[in-house]
Amino acid sequence: MAVYAVSVRWGAMGLVGLFRSDFIGIRMGDDCVIRTERGVEVGRVLSPPRPCEGEAEGQSWAGEILRRVNSEDQKRLAAIREVEEPREFDFCRKRIQERSLPMKLVGVEHLFGGTKIIFYFLASGRVDFRELVKDLAQEYRTRIEMRQIGVRDEARMLAEFEHCGRELCCKTFLKNLEPVTMKMAKNQKATLDPTKISGRCGRLMCCLRYEEGIYEELRELLPRKGSRVATPDGEGVVTSLDPIKQQVTVELDGQREESFHVSAIRVQSDAPPPAEEDEPE
């Protein structure tokens with residue numbers, strides 16, 4: 001039997017992985033019923049099926065595609081999202097308040113197969129939720145998981161669009177939420193106004209990280225700030241760089257500053273590399 005590899009996004013956290021499929025009749029954008037280590041769920045196909053004959057045995061699969069979502073599955077999904085999850089959220093939040101637990105409930109994920117309900121919450125430290133889990137297990141008679149998340153995960157679950165007008169990157173294509181630093185914002189000459197470089201989560205925008213690579217490559221083609229260079233208008237010292245335009249601004253000896261394309265200047269003495277420093281997110 002032919003085996004196909006298919007990239008799928010699934011779960012409230014937007015997990016992405018490679019799934020095994022024994023049939024080829026699925027396309028990008030299809031919603032499918034899948035089996036993962038958590039149970040039976042629903043995911044969305046991100047890539048066309050790819051044959052992987054010799055690779056199938058050694059491949060590490062995130063799960064298996066069982067079928068495309070049918071009309072009965074759609075009804076079940078609607079019931080979960082519109083009835084069961086809101087009811088579970090309200091019940092859990094009420095119990096949290098009654099037990100005065102220092103936690104904020106963010107979301108509920110009721111697995112399609114009904115074998116588990118996951119409650120996502122924010123908290124500043126560790127929370128003893130053992131009695132809360134007993135309340136939930138007694139009410140719903142299924143496996144209960146309490147998962148503590150951060151503010152970036154909260155945005156991934158609840159937010160929709162960013163300042164740019166597009167859907168959040170963490171909801172669409174980012175697999176992992178890697179650290180983002182102020183150094184990246186400075187390297188990209190971004191404004192340091194927190195309201196303009198912070199995403200919906202209140203942290204530095206993820207795009208600062210995945211755009212950093214191209215800025216580093218382009219910056220390698222430019223002289224360092226402080227380098228002495230010769231320009232068509234005379235000699236001077238580099239005061240600022242524009243990696244995207246491949247331009248350098250030079251303070252000419254005894255004159256004003258001028259901007260030149262890197263091809264129009266010649267480095268006479270390069271400045272020493274800056275001290276390594278970074279600032280956490």
# chains A, B, ... in the order shown; residues from 1 in each chain; ligands from 1
>>> residues_around(residues="stretch 243-252 of chain A", least_positions_apart="3", cutoff="12 Å", atoms="only C-alpha atoms", output="number ranges by chain")
A: 187-189, 211-240, 255-267
>>> write_last_selection(atoms="N, CA and C atoms", output="short mmCIF file (atom, residue, chain, number, x, y, z; two decimals), in the first residue's frame")
data_model
loop_
_atom_site.label_atom_id
_atom_site.label_comp_id
_atom_site.auth_asym_id
_atom_site.auth_seq_id
_atom_site.Cartn_x
_atom_site.Cartn_y
_atom_site.Cartn_z
N ASN A 187 18.79 46.41 15.05
CA ASN A 187 19.49 46.06 13.82
C ASN A 187 18.66 46.38 12.58
N GLN A 188 17.35 46.30 12.72
CA GLN A 188 16.47 46.55 11.58
C GLN A 188 16.01 48.00 11.51
N LYS A 189 16.61 48.84 12.35
CA LYS A 189 16.31 50.27 12.37
C LYS A 189 14.83 50.51 12.63
N GLU A 211 12.73 38.00 10.12
CA GLU A 211 13.30 38.90 9.12
C GLU A 211 14.76 39.24 9.44
N GLU A 212 15.22 38.86 10.63
CA GLU A 212 16.56 39.22 11.05
C GLU A 212 17.63 38.61 10.15
N GLY A 213 17.39 37.40 9.66
CA GLY A 213 18.39 36.71 8.83
C GLY A 213 18.78 37.50 7.60
N ILE A 214 17.80 38.05 6.87
CA ILE A 214 18.12 38.78 5.65
C ILE A 214 18.83 40.09 5.98
N TYR A 215 18.48 40.70 7.12
CA TYR A 215 19.17 41.92 7.52
C TYR A 215 20.64 41.63 7.82
N GLU A 216 20.90 40.48 8.45
CA GLU A 216 22.29 40.11 8.75
C GLU A 216 23.07 39.90 7.46
N GLU A 217 22.45 39.23 6.48
CA GLU A 217 23.14 38.99 5.21
C GLU A 217 23.44 40.30 4.49
N LEU A 218 22.46 41.20 4.45
CA LEU A 218 22.66 42.47 3.75
C LEU A 218 23.65 43.38 4.49
N ARG A 219 23.65 43.27 5.82
CA ARG A 219 24.55 44.11 6.60
C ARG A 219 26.02 43.71 6.38
N GLU A 220 26.24 42.43 6.06
CA GLU A 220 27.60 41.96 5.79
C GLU A 220 28.20 42.63 4.56
N LEU A 221 27.35 43.16 3.68
CA LEU A 221 27.82 43.81 2.46
C LEU A 221 28.17 45.29 2.68
N LEU A 222 27.90 45.79 3.90
CA LEU A 222 28.13 47.19 4.20
C LEU A 222 29.28 47.36 5.17
N PRO A 223 29.96 48.51 5.13
CA PRO A 223 31.00 48.78 6.14
C PRO A 223 30.34 49.03 7.49
N ARG A 224 31.10 48.86 8.56
CA ARG A 224 30.56 49.13 9.89
C ARG A 224 30.45 50.62 10.14
N LYS A 225 29.54 50.95 11.05
CA LYS A 225 29.47 52.35 11.47
C LYS A 225 30.80 52.74 12.12
N GLY A 226 31.26 53.93 11.80
CA GLY A 226 32.55 54.38 12.32
C GLY A 226 33.71 54.15 11.36
N SER A 227 33.42 53.39 10.28
CA SER A 227 34.48 53.16 9.29
C SER A 227 34.76 54.44 8.51
N ARG A 228 36.03 54.58 8.12
CA ARG A 228 36.40 55.73 7.28
C ARG A 228 36.35 55.28 5.83
N VAL A 229 35.64 56.09 5.00
CA VAL A 229 35.43 55.69 3.61
C VAL A 229 35.69 56.87 2.68
N ALA A 230 35.94 56.52 1.42
CA ALA A 230 36.07 57.52 0.36
C ALA A 230 34.81 57.49 -0.48
N THR A 231 34.25 58.67 -0.75
CA THR A 231 33.02 58.79 -1.53
C THR A 231 33.27 59.70 -2.72
N PRO A 232 32.34 59.77 -3.67
CA PRO A 232 32.49 60.70 -4.80
C PRO A 232 32.59 62.16 -4.35
N ASP A 233 32.12 62.47 -3.14
CA ASP A 233 32.16 63.85 -2.64
C ASP A 233 33.25 64.08 -1.61
N GLY A 234 34.13 63.10 -1.45
CA GLY A 234 35.21 63.26 -0.49
C GLY A 234 35.22 62.16 0.56
N GLU A 235 36.14 62.30 1.52
CA GLU A 235 36.26 61.29 2.56
C GLU A 235 35.40 61.63 3.77
N GLY A 236 35.08 60.58 4.55
CA GLY A 236 34.29 60.81 5.75
C GLY A 236 34.14 59.53 6.56
N VAL A 237 33.25 59.61 7.56
CA VAL A 237 33.03 58.51 8.48
C VAL A 237 31.57 58.04 8.38
N VAL A 238 31.38 56.74 8.33
CA VAL A 238 30.04 56.17 8.23
C VAL A 238 29.29 56.40 9.54
N THR A 239 28.11 56.98 9.45
CA THR A 239 27.33 57.26 10.66
C THR A 239 26.09 56.38 10.79
N SER A 240 25.55 55.88 9.68
CA SER A 240 24.38 55.00 9.75
C SER A 240 24.29 54.15 8.49
N GLN A 255 31.95 68.80 6.40
CA GLN A 255 30.76 69.12 5.61
C GLN A 255 29.54 68.39 6.18
N ARG A 256 28.45 68.45 5.44
CA ARG A 256 27.21 67.82 5.88
C ARG A 256 27.26 66.32 5.64
N GLU A 257 26.20 65.64 6.13
CA GLU A 257 26.07 64.21 5.89
C GLU A 257 25.44 63.96 4.53
N GLU A 258 25.90 62.91 3.88
CA GLU A 258 25.35 62.51 2.59
C GLU A 258 25.15 61.00 2.59
N SER A 259 24.18 60.54 1.80
CA SER A 259 23.94 59.10 1.66
C SER A 259 24.42 58.62 0.31
N PHE A 260 25.04 57.43 0.29
CA PHE A 260 25.60 56.86 -0.94
C PHE A 260 25.26 55.37 -1.00
N HIS A 261 25.10 54.87 -2.22
CA HIS A 261 24.97 53.43 -2.40
C HIS A 261 26.33 52.81 -2.10
N VAL A 262 26.33 51.60 -1.57
CA VAL A 262 27.59 50.97 -1.16
C VAL A 262 28.56 50.82 -2.33
N SER A 263 28.02 50.71 -3.55
CA SER A 263 28.89 50.55 -4.72
C SER A 263 29.68 51.82 -5.03
N ALA A 264 29.25 52.96 -4.45
CA ALA A 264 29.89 54.24 -4.77
C ALA A 264 30.95 54.63 -3.75
N ILE A 265 31.21 53.79 -2.75
CA ILE A 265 32.19 54.15 -1.73
C ILE A 265 33.30 53.11 -1.67
N ARG A 266 34.41 53.51 -1.06
CA ARG A 266 35.55 52.61 -0.88
C ARG A 266 36.03 52.73 0.57
N VAL A 267 36.10 51.58 1.23
CA VAL A 267 36.49 51.58 2.64
C VAL A 267 38.00 51.80 2.75
#
>>> residues_around(residues="stretch 33-40 of chain A", least_positions_apart="2", cutoff="9 Å", atoms="only C-alpha atoms", output="list of chain:residue names")
A:Trp10, A:Phe19, A:Asp31, A:Val42, A:Gly43, A:Arg44, A:Ala62, A:Gly63, A:Glu64, A:Ile65, A:Leu66, A:Arg67, A:Arg68, A:Val69, A:Asp73, A:Leu111, A:Phe112, A:Gly113, A:Gly114, A:Thr115, A:Lys116
>>> write_last_selection(atoms="C-alpha atoms", output="mmCIF file, in the first residue's frame")
data_model
loop_
_atom_site.group_PDB
_atom_site.id
_atom_site.type_symbol
_atom_site.label_atom_id
_atom_site.label_comp_id
_atom_site.auth_asym_id
_atom_site.auth_seq_id
_atom_site.Cartn_x
_atom_site.Cartn_y
_atom_site.Cartn_z
ATOM 1 C CA TRP A 10 -4.051 20.939 14.300
ATOM 2 C CA PHE A 19 1.112 12.949 8.992
ATOM 3 C CA ASP A 31 -10.147 19.589 6.936
ATOM 4 C CA VAL A 42 -9.447 17.514 13.367
ATOM 5 C CA GLY A 43 -6.668 19.244 11.429
ATOM 6 C CA ARG A 44 -6.174 21.235 8.238
ATOM 7 C CA ALA A 62 2.994 13.243 14.172
ATOM 8 C CA GLY A 63 -0.054 11.114 13.465
ATOM 9 C CA GLU A 64 -2.269 9.562 10.830
ATOM 10 C CA ILE A 65 -4.957 11.011 8.560
ATOM 11 C CA LEU A 66 -8.124 8.934 8.882
ATOM 12 C CA ARG A 67 -10.465 10.678 6.419
ATOM 13 C CA ARG A 68 -11.682 13.995 5.108
ATOM 14 C CA VAL A 69 -14.230 15.734 7.314
ATOM 15 C CA ASP A 73 -18.147 15.409 11.329
ATOM 16 C CA LEU A 111 -10.869 16.832 21.430
ATOM 17 C CA PHE A 112 -13.040 15.643 18.554
ATOM 18 C CA GLY A 113 -12.905 12.053 19.791
ATOM 19 C CA GLY A 114 -14.097 13.085 23.250
ATOM 20 C CA THR A 115 -11.238 11.339 25.071
ATOM 21 C CA LYS A 116 -9.778 14.494 26.603
#
>>> select_by_dssp(residues="stretch 98-206 of chain A", states="alpha helix (DSSP H)", output="number ranges by chain")
A: 98, 130-140, 151-158, 169-172, 182-187, 194-197
>>> write_last_selection(atoms="C-alpha atoms", output="PDB file, in the first residue's frame")
ATOM      1  CA  GLU A  98     -15.236  29.391  43.915  1.00  0.00           C
ATOM      2  CA  ARG A 130      -5.767  19.098  41.913  1.00  0.00           C
ATOM      3  CA  GLU A 131      -9.184  19.735  43.436  1.00  0.00           C
ATOM      4  CA  LEU A 132     -10.244  21.661  40.334  1.00  0.00           C
ATOM      5  CA  VAL A 133      -9.305  18.678  38.148  1.00  0.00           C
ATOM      6  CA  LYS A 134     -11.446  16.437  40.368  1.00  0.00           C
ATOM      7  CA  ASP A 135     -14.404  18.799  39.885  1.00  0.00           C
ATOM      8  CA  LEU A 136     -13.954  18.749  36.117  1.00  0.00           C
ATOM      9  CA  ALA A 137     -13.417  14.996  35.856  1.00  0.00           C
ATOM     10  CA  GLN A 138     -16.517  14.332  37.942  1.00  0.00           C
ATOM     11  CA  GLU A 139     -18.575  16.671  35.762  1.00  0.00           C
ATOM     12  CA  TYR A 140     -17.417  15.459  32.338  1.00  0.00           C
ATOM     13  CA  VAL A 151       0.898  35.523  26.882  1.00  0.00           C
ATOM     14  CA  ARG A 152       2.264  34.679  23.423  1.00  0.00           C
ATOM     15  CA  ASP A 153       0.306  31.420  23.431  1.00  0.00           C
ATOM     16  CA  GLU A 154      -2.762  33.329  24.610  1.00  0.00           C
ATOM     17  CA  ALA A 155      -2.542  35.593  21.555  1.00  0.00           C
ATOM     18  CA  ARG A 156      -2.060  32.554  19.313  1.00  0.00           C
ATOM     19  CA  MET A 157      -5.303  31.093  20.685  1.00  0.00           C
ATOM     20  CA  LEU A 158      -7.511  34.180  20.868  1.00  0.00           C
ATOM     21  CA  CYS A 169       1.977  34.714  12.005  1.00  0.00           C
ATOM     22  CA  CYS A 170       1.730  32.405  15.024  1.00  0.00           C
ATOM     23  CA  LYS A 171      -1.733  31.320  13.858  1.00  0.00           C
ATOM     24  CA  THR A 172      -0.799  30.749  10.234  1.00  0.00           C
ATOM     25  CA  MET A 182      15.542  44.362  21.277  1.00  0.00           C
ATOM     26  CA  LYS A 183      18.818  43.908  19.405  1.00  0.00           C
ATOM     27  CA  MET A 184      16.827  42.632  16.434  1.00  0.00           C
ATOM     28  CA  ALA A 185      14.658  45.759  16.457  1.00  0.00           C
ATOM     29  CA  LYS A 186      17.760  47.970  16.614  1.00  0.00           C
ATOM     30  CA  ASN A 187      19.490  46.057  13.817  1.00  0.00           C
ATOM     31  CA  PRO A 194       6.856  49.673  22.375  1.00  0.00           C
ATOM     32  CA  THR A 195       3.396  50.351  20.933  1.00  0.00           C
ATOM     33  CA  LYS A 196       4.745  49.958  17.386  1.00  0.00           C
ATOM     34  CA  ILE A 197       7.045  46.946  17.769  1.00  0.00           C
TER      35      ILE A 197
END
>>> atom_distance(atom1="atom CA of A:Arg9", atom2="atom CA of A:Glu160")
16.4 Å
>>> atom_distance(atom1="atom CA of A:Phe173", atom2="atom CA of A:Asp30")
16.2 Å
>>> select_by_dssp(residues="stretch 112-212 of chain A", states="strand (DSSP E)", output="list in words")
Lys116, Ile117, Ile118, Phe119, Tyr120, Phe121, Leu122, Arg143, Ile144, Glu145, Met146, Arg147 and Gln148 of chain A
>>> closest_residue(among="A:Phe129, A:Cys206, A:Asn176, A:Pro273", to="A:Gly14", atoms="only C-alpha atoms")
A:Asn176
>>> residues_around(residues="A:Asp90", least_positions_apart="6", cutoff="10 Å", atoms="only C-alpha atoms", output="PyMOL selection string")
chain A and resi 96+105+108
>>> residues_around(residues="A:Ile118", least_positions_apart="5", cutoff="10 Å", atoms="only C-alpha atoms", output="list of chain:residue names")
A:Ala12, A:Gly107, A:Val108, A:Glu109, A:His110, A:Leu111, A:Arg143, A:Ile144, A:Glu145, A:Met146, A:Arg147
